[in-house]
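To be precise, the following lines are query.txt, and they hold compact mmCIF, C-alpha atoms.
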```
# COMPACT_ATOMS: atom_id res chain seq x y z
CA MET A 1 158.72 193.51 121.09
CA ILE A 2 160.16 196.79 119.86
CA ARG A 3 158.91 200.26 120.71
CA VAL A 4 157.95 202.41 117.73
CA ALA A 5 157.42 206.14 117.37
CA ILE A 6 155.60 207.77 114.45
CA CYS A 7 156.67 211.37 113.89
CA GLY A 8 154.12 213.34 111.93
CA GLY A 9 151.31 210.93 112.70
CA SER A 10 148.28 213.10 111.98
CA GLY A 11 148.39 212.73 108.19
CA TYR A 12 147.12 209.91 106.01
CA THR A 13 150.44 208.05 106.02
CA GLY A 14 150.62 208.29 109.80
CA ALA A 15 147.09 206.92 110.11
CA GLU A 16 147.91 204.06 107.76
CA LEU A 17 151.03 203.23 109.76
CA LEU A 18 148.90 203.00 112.91
CA ARG A 19 146.31 200.82 111.14
CA ILE A 20 148.92 198.41 109.81
CA LEU A 21 151.05 198.26 112.95
CA HIS A 22 148.03 197.35 115.05
CA HIS A 23 148.24 193.91 113.43
CA HIS A 24 151.99 193.53 114.00
CA PRO A 25 152.80 191.08 116.82
CA GLU A 26 156.31 192.41 117.42
CA ILE A 27 155.48 196.13 117.66
CA GLU A 28 154.26 198.48 120.35
CA VAL A 29 153.49 202.04 119.25
CA THR A 30 154.70 204.13 122.18
CA ALA A 31 154.57 207.65 120.73
CA VAL A 32 152.92 209.53 117.88
CA THR A 33 153.67 213.19 117.25
CA SER A 34 151.81 216.13 115.78
CA GLU A 35 152.40 219.79 116.41
CA LYS A 36 148.91 220.95 115.46
CA SER A 37 147.09 218.08 117.17
CA ALA A 38 149.21 217.73 120.32
CA GLY A 39 147.02 216.73 123.26
CA LYS A 40 144.31 215.21 121.10
CA LYS A 41 143.71 211.48 121.05
CA VAL A 42 144.39 209.55 117.87
CA THR A 43 140.68 208.68 117.73
CA ASP A 44 139.76 212.37 117.77
CA LEU A 45 141.27 212.61 114.28
CA PHE A 46 140.76 209.04 113.11
CA PRO A 47 137.74 207.41 114.81
CA HIS A 48 138.32 204.16 112.89
CA LEU A 49 141.57 203.59 114.83
CA VAL A 50 139.59 202.52 117.89
CA LYS A 51 142.41 200.39 119.31
CA TYR A 52 144.44 203.56 119.87
CA ASN A 53 141.84 205.28 122.04
CA GLY A 54 144.40 205.66 124.84
CA LEU A 55 147.14 207.12 122.65
CA ALA A 56 147.46 210.91 122.33
CA TYR A 57 149.54 213.05 120.02
CA VAL A 58 152.55 214.77 121.55
CA PRO A 59 154.87 217.52 120.26
CA MET A 60 158.00 216.26 118.56
CA GLU A 61 160.45 216.89 121.36
CA LYS A 62 163.34 214.83 120.07
CA GLU A 63 165.26 214.36 123.31
CA SER A 64 162.25 213.02 125.18
CA LEU A 65 161.33 210.71 122.31
CA LEU A 66 164.73 209.01 122.49
CA SER A 67 163.75 207.13 125.63
CA LYS A 68 160.30 206.22 124.31
CA ALA A 69 161.16 204.33 121.13
CA ASP A 70 163.78 202.18 119.44
CA PHE A 71 162.47 202.52 115.88
CA PHE A 72 161.25 205.71 114.22
CA PHE A 73 158.91 206.21 111.28
CA MET A 74 159.27 209.77 110.02
CA ALA A 75 156.16 211.05 108.22
CA LEU A 76 157.08 214.71 108.20
CA PRO A 77 156.87 217.05 105.17
CA HIS A 78 159.76 217.30 102.74
CA ALA A 79 162.60 219.50 104.05
CA ALA A 80 161.15 219.37 107.57
CA SER A 81 162.33 215.79 107.91
CA GLN A 82 166.05 216.37 107.39
CA GLU A 83 167.09 217.53 110.84
CA ALA A 84 164.92 215.09 112.82
CA VAL A 85 165.93 212.07 110.73
CA SER A 86 169.59 212.92 111.11
CA PHE A 87 169.19 213.42 114.87
CA PHE A 88 167.59 210.03 115.52
CA TYR A 89 169.98 208.27 113.17
CA GLN A 90 173.02 209.85 114.86
CA GLN A 91 171.63 208.71 118.22
CA GLY A 92 171.77 205.11 117.03
CA LYS A 93 168.08 204.62 116.25
CA LYS A 94 166.73 202.80 113.23
CA VAL A 95 164.73 205.08 110.98
CA VAL A 96 162.41 204.81 107.98
CA ASP A 97 161.84 208.24 106.43
CA LEU A 98 158.69 208.61 104.32
CA SER A 99 159.62 212.06 103.00
CA ALA A 100 161.77 212.69 99.93
CA ASP A 101 164.67 214.13 101.92
CA PHE A 102 166.95 211.09 101.73
CA ARG A 103 165.84 209.44 98.48
CA LEU A 104 168.09 211.25 96.02
CA ILE A 105 171.77 210.34 96.20
CA ASP A 106 173.01 213.66 94.81
CA PRO A 107 172.10 216.60 97.09
CA LYS A 108 172.40 218.98 94.13
CA ILE A 109 169.61 217.13 92.33
CA TYR A 110 167.52 217.27 95.51
CA GLU A 111 168.09 221.00 95.77
CA GLU A 112 167.20 221.52 92.10
CA TRP A 113 163.87 219.69 92.32
CA TYR A 114 162.80 220.52 95.88
CA LYS A 115 164.02 224.12 95.91
CA THR A 116 165.70 223.81 99.28
CA SER A 117 169.17 222.93 100.49
CA HIS A 118 170.14 219.60 101.97
CA ASN A 119 171.92 220.30 105.23
CA TYR A 120 172.70 216.74 106.34
CA THR A 121 174.72 215.26 103.50
CA ASP A 122 176.75 213.01 105.82
CA THR A 123 173.54 211.31 106.93
CA LEU A 124 172.31 211.26 103.33
CA LYS A 125 175.32 209.10 102.41
CA LYS A 126 174.15 206.44 104.86
CA ALA A 127 170.60 206.21 103.55
CA VAL A 128 169.45 203.17 101.55
CA TYR A 129 166.66 203.50 99.01
CA GLY A 130 163.92 201.28 100.37
CA LEU A 131 162.47 199.43 97.40
CA PRO A 132 162.77 195.83 98.67
CA GLU A 133 162.44 194.26 95.23
CA LEU A 134 165.68 195.98 94.19
CA ASN A 135 167.58 196.64 97.43
CA ARG A 136 166.63 193.95 99.93
CA LYS A 137 170.23 193.00 100.80
CA ALA A 138 171.24 196.60 101.53
CA ILE A 139 168.00 197.27 103.44
CA ARG A 140 168.73 194.33 105.72
CA LYS A 141 171.98 195.94 106.88
CA ALA A 142 170.79 199.55 107.02
CA ARG A 143 169.77 201.81 109.90
CA LEU A 144 168.28 204.53 107.69
CA ILE A 145 165.82 203.81 104.89
CA ALA A 146 164.53 206.36 102.41
CA ASN A 147 161.06 205.04 101.72
CA PRO A 148 160.20 205.39 98.01
CA GLY A 149 157.56 207.71 96.64
CA CYS A 150 154.25 206.34 95.41
CA TYR A 151 154.57 207.15 91.71
CA PRO A 152 158.19 205.88 91.61
CA THR A 153 157.21 202.57 93.23
CA SER A 154 154.59 201.91 90.55
CA ALA A 155 156.87 202.91 87.67
CA ILE A 156 160.11 201.29 88.82
CA LEU A 157 158.53 197.90 89.54
CA ALA A 158 156.94 197.91 86.08
CA LEU A 159 160.08 198.88 84.16
CA ALA A 160 163.07 197.47 86.05
CA PRO A 161 162.92 193.87 84.73
CA ALA A 162 162.61 195.01 81.11
CA ILE A 163 165.59 197.34 81.54
CA LYS A 164 167.64 194.70 83.33
CA GLU A 165 167.08 192.27 80.45
CA GLY A 166 167.80 194.89 77.78
CA LEU A 167 164.33 194.51 76.30
CA ILE A 168 163.63 198.20 75.82
CA ASP A 169 165.24 201.34 74.48
CA VAL A 170 166.03 203.38 77.59
CA GLU A 171 166.46 206.54 75.54
CA ARG A 172 162.70 206.97 75.17
CA ILE A 173 160.57 205.91 78.14
CA ILE A 174 157.19 207.46 78.81
CA VAL A 175 155.54 207.10 82.22
CA ASP A 176 151.90 208.16 82.48
CA SER A 177 150.34 207.96 85.97
CA LYS A 178 146.95 208.58 87.56
CA SER A 179 146.51 209.05 91.30
CA GLY A 180 143.78 209.61 93.83
CA THR A 181 143.70 212.78 95.90
CA SER A 182 145.20 211.30 99.09
CA GLY A 183 148.55 211.49 97.31
CA ALA A 184 148.49 215.23 98.01
CA GLY A 185 148.26 214.64 101.75
CA ARG A 186 145.73 215.56 104.42
CA LYS A 187 145.51 219.30 104.10
CA ALA A 188 143.13 222.07 103.11
CA ASP A 189 143.89 222.86 99.48
CA MET A 190 141.48 224.29 96.91
CA ALA A 191 143.01 222.18 94.12
CA ILE A 192 142.03 218.92 95.85
CA SER A 193 138.70 220.03 97.34
CA PHE A 194 135.63 217.99 96.45
CA CYS A 195 134.13 220.42 93.95
CA GLU A 196 137.46 220.86 92.16
CA VAL A 197 138.17 217.12 91.89
CA ASN A 198 134.75 215.48 91.54
CA ASP A 199 133.90 214.67 87.90
CA GLY A 200 137.30 216.03 86.87
CA PHE A 201 140.46 214.51 85.45
CA LYS A 202 143.59 216.55 84.85
CA ALA A 203 147.33 216.41 84.33
CA TYR A 204 149.62 218.36 86.65
CA GLY A 205 153.34 218.81 87.21
CA VAL A 206 153.94 218.11 83.52
CA GLY A 207 157.67 217.72 82.99
CA VAL A 208 158.48 219.10 86.44
CA HIS A 209 157.03 216.65 88.98
CA ARG A 210 159.44 216.00 91.86
CA HIS A 211 159.20 212.23 91.55
CA THR A 212 160.86 212.36 88.14
CA PRO A 213 164.50 212.30 89.34
CA GLU A 214 163.68 209.51 91.80
CA ILE A 215 162.37 207.28 89.02
CA GLU A 216 165.33 208.20 86.83
CA GLN A 217 167.84 207.47 89.59
CA ALA A 218 166.49 203.97 90.28
CA LEU A 219 166.16 202.99 86.63
CA SER A 220 169.61 204.39 85.84
CA LEU A 221 171.15 202.17 88.52
CA VAL A 222 169.41 199.16 86.96
CA ALA A 223 170.58 200.12 83.47
CA GLY A 224 174.11 201.08 84.46
CA LYS A 225 173.74 204.35 82.57
CA GLN A 226 171.88 207.64 82.94
CA ILE A 227 168.22 207.45 81.99
CA PHE A 228 165.84 210.34 81.46
CA ILE A 229 162.09 209.84 81.21
CA ASP A 230 158.95 211.73 80.27
CA PHE A 231 156.73 211.56 83.34
CA THR A 232 153.22 212.98 83.53
CA PRO A 233 151.00 212.50 86.60
CA HIS A 234 147.23 213.01 86.60
CA LEU A 235 144.72 213.63 89.37
CA VAL A 236 141.59 211.49 89.23
CA PRO A 237 138.44 211.73 91.39
CA MET A 238 139.08 208.88 93.82
CA ASP A 239 140.44 208.79 97.35
CA ARG A 240 143.43 206.51 96.87
CA GLY A 241 145.21 204.37 94.34
CA ILE A 242 147.60 204.74 91.42
CA VAL A 243 147.54 203.30 87.92
CA THR A 244 150.72 203.85 85.91
CA THR A 245 151.10 203.06 82.21
CA SER A 246 154.67 202.98 80.91
CA TYR A 247 155.72 202.84 77.26
CA ALA A 248 159.06 201.97 75.66
CA LYS A 249 160.29 200.76 72.28
CA LEU A 250 161.47 197.16 72.17
CA THR A 251 165.06 196.36 71.27
CA LYS A 252 164.48 192.61 70.89
CA THR A 253 161.89 190.48 69.15
CA THR A 254 159.47 189.14 71.73
CA ASN A 255 155.79 188.78 72.53
CA THR A 256 153.42 189.34 75.42
CA ASP A 257 153.63 185.77 76.74
CA ARG A 258 157.42 185.88 76.88
CA VAL A 259 157.45 189.24 78.64
CA ILE A 260 155.01 188.01 81.29
CA ALA A 261 157.03 184.82 81.73
CA LEU A 262 160.18 186.91 82.23
CA TYR A 263 158.49 189.09 84.84
CA ASN A 264 157.05 186.07 86.62
CA LYS A 265 160.53 184.59 86.84
CA MET A 266 162.12 187.80 88.12
CA TYR A 267 159.39 188.44 90.67
CA SER A 268 158.77 184.80 91.61
CA ARG A 269 160.03 185.31 95.17
CA GLU A 270 158.50 188.73 95.68
CA PRO A 271 155.53 188.47 98.05
CA PHE A 272 153.86 191.70 96.96
CA VAL A 273 154.35 191.86 93.18
CA LYS A 274 151.80 189.99 91.09
CA MET A 275 151.88 189.66 87.30
CA LEU A 276 148.50 189.34 85.64
CA GLU A 277 147.69 186.87 82.90
CA PRO A 278 147.86 188.00 79.25
CA GLY A 279 144.97 190.29 78.38
CA TYR A 280 144.39 191.44 81.97
CA TYR A 281 145.42 194.81 83.38
CA PRO A 282 145.37 196.24 86.91
CA ASN A 283 142.47 198.11 88.40
CA ALA A 284 143.25 200.45 91.31
CA LYS A 285 140.24 198.99 93.13
CA HIS A 286 141.89 195.57 93.24
CA VAL A 287 144.86 196.74 95.32
CA ARG A 288 143.01 199.26 97.53
CA GLY A 289 144.14 198.91 101.14
CA SER A 290 146.77 196.28 100.31
CA ASN A 291 150.55 196.23 99.97
CA TYR A 292 150.42 194.61 96.54
CA CYS A 293 151.58 195.87 93.17
CA PHE A 294 149.70 194.34 90.24
CA ILE A 295 151.32 194.50 86.81
CA GLY A 296 149.96 193.77 83.35
CA ALA A 297 151.92 193.76 80.09
CA ARG A 298 151.34 193.80 76.36
CA VAL A 299 153.62 193.91 73.35
CA ASN A 300 152.11 196.15 70.68
CA ASP A 301 153.40 194.52 67.49
CA ARG A 302 152.14 197.35 65.30
CA THR A 303 154.43 199.90 66.94
CA ASN A 304 157.08 197.59 68.42
CA THR A 305 156.25 198.98 71.86
CA LEU A 306 156.17 197.37 75.29
CA VAL A 307 153.25 198.66 77.34
CA MET A 308 153.39 198.03 81.10
CA VAL A 309 150.43 198.82 83.38
CA SER A 310 150.97 198.78 87.15
CA SER A 311 148.77 199.63 90.11
CA ILE A 312 149.36 200.20 93.82
CA ASP A 313 147.59 201.80 96.75
CA ASN A 314 149.54 205.03 97.13
CA LEU A 315 149.07 205.00 100.92
CA VAL A 316 150.17 201.39 101.42
CA LYS A 317 152.72 199.98 98.94
CA GLY A 318 153.31 203.61 97.95
CA ALA A 319 153.98 204.75 101.52
CA SER A 320 153.11 203.18 104.89
CA GLY A 321 152.89 199.53 103.88
CA GLN A 322 156.25 199.68 102.17
CA ALA A 323 157.65 201.43 105.25
CA VAL A 324 156.53 198.51 107.42
CA GLN A 325 157.91 196.08 104.85
CA ASN A 326 161.26 197.84 105.16
CA MET A 327 161.08 197.72 108.94
CA ASN A 328 160.42 193.99 108.83
CA ILE A 329 163.50 193.45 106.69
CA MET A 330 165.67 195.68 108.88
CA MET A 331 164.55 193.90 112.05
CA GLY A 332 164.86 190.39 110.65
CA TYR A 333 161.12 189.69 110.84
CA ASP A 334 159.09 187.87 108.22
CA GLU A 335 158.85 190.47 105.46
CA THR A 336 155.11 190.03 105.10
CA MET A 337 154.29 190.45 108.80
CA ALA A 338 151.17 192.62 109.24
CA LEU A 339 151.00 193.17 105.48
CA GLU A 340 149.20 190.15 104.07
CA GLY A 341 145.74 191.69 104.12
CA LEU A 342 143.90 191.57 100.81
CA ALA A 343 142.41 194.50 98.95
CA LEU A 344 139.18 196.22 100.02
CA CYS A 345 137.09 195.53 96.93
CA PRO A 346 134.57 196.72 95.87
```
Take the structure in this file and express it as structure tokens.
Amino acid sequence: MIRVAICGGSGYTGAELLRILHHHPEIEVTAVTSEKSAGKKVTDLFPHLVKYNGLAYVPMEKESLLSKADFFFMALPHAASQEAVSFFYQQGKKVVDLSADFRLIDPKIYEEWYKTSHNYTDTLKKAVYGLPELNRKAIRKARLIANPGCYPTSAILALAPAIKEGLIDVERIIVDSKSGTSGAGRKADMAISFCEVNDGFKAYGVGVHRHTPEIEQALSLVAGKQIFIDFTPHLVPMDRGIVTTSYAKLTKTTNTDRVIALYNKMYSREPFVKMLEPGYYPNAKHVRGSNYCFIGARVNDRTNTLVMVSSIDNLVKGASGQAVQNMNIMMGYDETMALEGLALCP
């Protein structure tokens, strides 16, 4: 049994971590922090987490937390996570950071896209990008994991095998994503209020979304060369879920059946990636509440284009579920522990 602390536990990702970890037989949640909600019980904010009725939020006093936990999930905002992550890591703790602060290898790229400096570059060098399907071996040996973003998880899993096999032209990749409003976090914001979102559908962050360099970095490592993409996210009127459609020109003659067979082979040992049969494409509803990524594929012969459609729950495989998956790998547990629940559908 290991003791776990969740720092920044009053947001959606913190709540999902608590929900998932309740089912984990090797974990005891011993501390959950929140500055604004300190003193309140977890169930005051999230009544559905009834098993945590005796657990209250505490301020993030780092020194006192050291004696309360062995493993730390950091669910703090971008930039705010840097100092705390570095502190716990330097104190010998194992850490999974759900912010973007340790995802980008080059601190200059981080500073360009997040408009803030990175002040802990020595710790940054130790971080491992936590996409298990690509980095499982490194994750197993790591003490600091940079948990991937939600959009990047959906795009990278859909494109990596095609890039690895040289199936597509990496000079022209288009990634088009749609996400529910929980991707913006649990905060008061006019842009994601009910009246603004309901019955609406809009693009945002066109050409400038912060997940762009993260997707490019991962795909570039697969390709062995620098890749740039066109990435456009959209906000859709649902609580959670992502559907990403990626397009790229083919460099080899192939067909849909062969592409799906290739993906099935590459992902055959991956517990949470499921390829759909020809003619079927993911629905966000079918992964809601689960740690799965569903992928569908089609070769458009008319335009010589590979079209990949992927779907994840942005709060689970796109955040908290993947964080627990990384913890399981780091701790030597069964990778699927506490994560085998099926989707909540309909």
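Across A:Trp113, A:Phe71, A:Tyr204, A:Tyr280, the tightest approach to Glu26 (chain A) is made by A:Phe71 when counting all atoms listed in the file.
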Determine, counting only C-alpha atoms, which protein, DNA and RNA residues have an atom within 7 Å of an atom of Ser10 (chain A); residues of the same chain fewer than 3 positions away are not included. Present the result as JSON, numbers by chain.
{"A": [14, 15, 34]}
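Here the selection is built from all atoms listed in the file, and the residues within 8 Å of (150.7, 192.8, 92.4) turn out to be Phe272, Val273, Lys274, Met275, Leu276, Val287, Tyr292, Cys293, Phe294, Ile295, Ser310, Ser311 and Ile312 of chain A.
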Could you give me, as a list in words, the residues within 10 Å of Gly318 (chain A), counting all atoms listed in the file and dropping anything in the same chain fewer than 2 positions from it?
Thr13, Leu98, Asn147, Pro148, Gly149, Cys150, Tyr151, Pro152, Thr153, Ser154, Gly183, Gly241, Ile242, Asn291, Tyr292, Cys293, Ser311, Ile312, Asp313, Asn314, Leu315, Val316, Ser320, Gly321, Gln322 and Ala323 of chain A
Place a sphere of radius 6 Å on (157.4, 207.3, 117.1) in the file coordinates and name every protein, DNA or RNA residue with an atom inside or on its surface, counting all atoms listed in the file; give the answer as a list in words.
Val4, Ala5, Ile6, Cys7, Ala31, Val32 and Phe72 of chain A
Those selected residues, please, written with C-alpha atoms and delivered as a compact mmCIF listing (two decimals), in the frame of the given file.
```txt
# COMPACT_ATOMS: atom_id res chain seq x y z
CA VAL A 4 157.95 202.41 117.73
CA ALA A 5 157.42 206.14 117.37
CA ILE A 6 155.60 207.77 114.45
CA CYS A 7 156.67 211.37 113.89
CA ALA A 31 154.57 207.65 120.73
CA VAL A 32 152.92 209.53 117.88
CA PHE A 72 161.25 205.71 114.22
```
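For Ile229 (chain A), the non-local neighbours within 10 Å, defined as residues at least 4 positions apart in the same chain or in other chains and counting all atoms listed in the file, are Val170, Glu171, Arg172, Ile173, Ile174, Val175, Gly207, Thr212, Pro213, Ile215, Glu216 and Leu219 of chain A.
Proximity ranking of A:Ser37, A:Gln217, A:Thr181, A:Gln90 relative to Arg143 (chain A) places A:Gln90 first, based on all atoms listed in the file.
Compared by their closest atoms to Asp106 (chain A), and using all atoms listed in the file, the residues A:Ile145, A:Lys62, A:Thr121, A:Lys93 rank with A:Thr121 nearest.
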Point-to-point distance in Å for CA of Gly341 (chain A) and CA of Phe102 (chain A)
28.8 Å
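CA of Lys68 (chain A) to CA of Glu28 (chain A) spans 10.6 Å [interatomic distance, one decimal].
Separating CA of Ser179 (chain A) from CA of Arg240 (chain A) is a distance of 6.9 Å.
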Could you give me, as a PyMOL selection string, the residues within 9 Å of region 126-142 of chain A, counting all atoms listed in the file and dropping anything in the same chain fewer than 4 positions from it?
chain A and resi 94+96+102-105+121-122+146-148+153+157+160+218+222+267+270+273+322-323+325-332
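In terms of minimum interatomic distance to Thr245 (chain A), A:Val309 ranks closest within A:Leu262, A:Val206, A:Ile192, A:Val309, counting all atoms listed in the file.
Each of A:Pro346, A:Glu35, A:Ala158, A:Gly166 was compared to His286 (chain A) using only C-alpha atoms, and A:Pro346 turns out to be the nearest.
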Got a minute to add N, CA and C atoms to region 47-65 of chain A and dump it as a compact mmCIF listing (two decimals), in the coordinates of the input?
```
# COMPACT_ATOMS: atom_id res chain seq x y z
N PRO A 47 138.61 208.27 113.97
CA PRO A 47 137.74 207.41 114.81
C PRO A 47 137.85 205.92 114.48
N HIS A 48 138.24 205.58 113.25
CA HIS A 48 138.32 204.16 112.89
C HIS A 48 139.47 203.45 113.59
N LEU A 49 140.43 204.21 114.16
CA LEU A 49 141.57 203.59 114.83
C LEU A 49 141.23 203.38 116.31
N VAL A 50 140.16 202.64 116.54
CA VAL A 50 139.59 202.52 117.89
C VAL A 50 140.55 201.87 118.89
N LYS A 51 141.48 201.06 118.41
CA LYS A 51 142.41 200.39 119.31
C LYS A 51 143.44 201.35 119.89
N TYR A 52 143.49 202.57 119.37
CA TYR A 52 144.44 203.56 119.87
C TYR A 52 143.74 204.64 120.70
N ASN A 53 142.62 204.30 121.28
CA ASN A 53 141.84 205.28 122.04
C ASN A 53 142.64 205.90 123.19
N GLY A 54 143.61 205.16 123.72
CA GLY A 54 144.40 205.66 124.84
C GLY A 54 145.67 206.37 124.44
N LEU A 55 145.90 206.51 123.14
CA LEU A 55 147.14 207.12 122.65
C LEU A 55 146.86 208.55 122.19
N ALA A 56 147.64 209.50 122.70
CA ALA A 56 147.46 210.91 122.33
C ALA A 56 148.68 211.42 121.58
N TYR A 57 148.44 212.41 120.74
CA TYR A 57 149.54 213.05 120.02
C TYR A 57 150.35 213.92 120.97
N VAL A 58 151.65 213.94 120.74
CA VAL A 58 152.55 214.77 121.55
C VAL A 58 153.40 215.61 120.61
N PRO A 59 153.94 216.74 121.09
CA PRO A 59 154.87 217.52 120.26
C PRO A 59 156.13 216.70 119.99
N MET A 60 156.79 217.01 118.88
CA MET A 60 158.00 216.26 118.56
C MET A 60 159.21 216.85 119.30
N GLU A 61 159.30 216.50 120.56
CA GLU A 61 160.45 216.89 121.36
C GLU A 61 161.47 215.75 121.29
N LYS A 62 162.46 215.92 120.46
CA LYS A 62 163.34 214.83 120.07
C LYS A 62 164.03 214.16 121.27
N GLU A 63 164.53 214.94 122.18
CA GLU A 63 165.26 214.36 123.31
C GLU A 63 164.37 213.44 124.14
N SER A 64 163.14 213.86 124.38
CA SER A 64 162.25 213.02 125.18
C SER A 64 161.81 211.77 124.43
N LEU A 65 161.73 211.87 123.11
CA LEU A 65 161.33 210.71 122.31
C LEU A 65 162.39 209.62 122.30
```
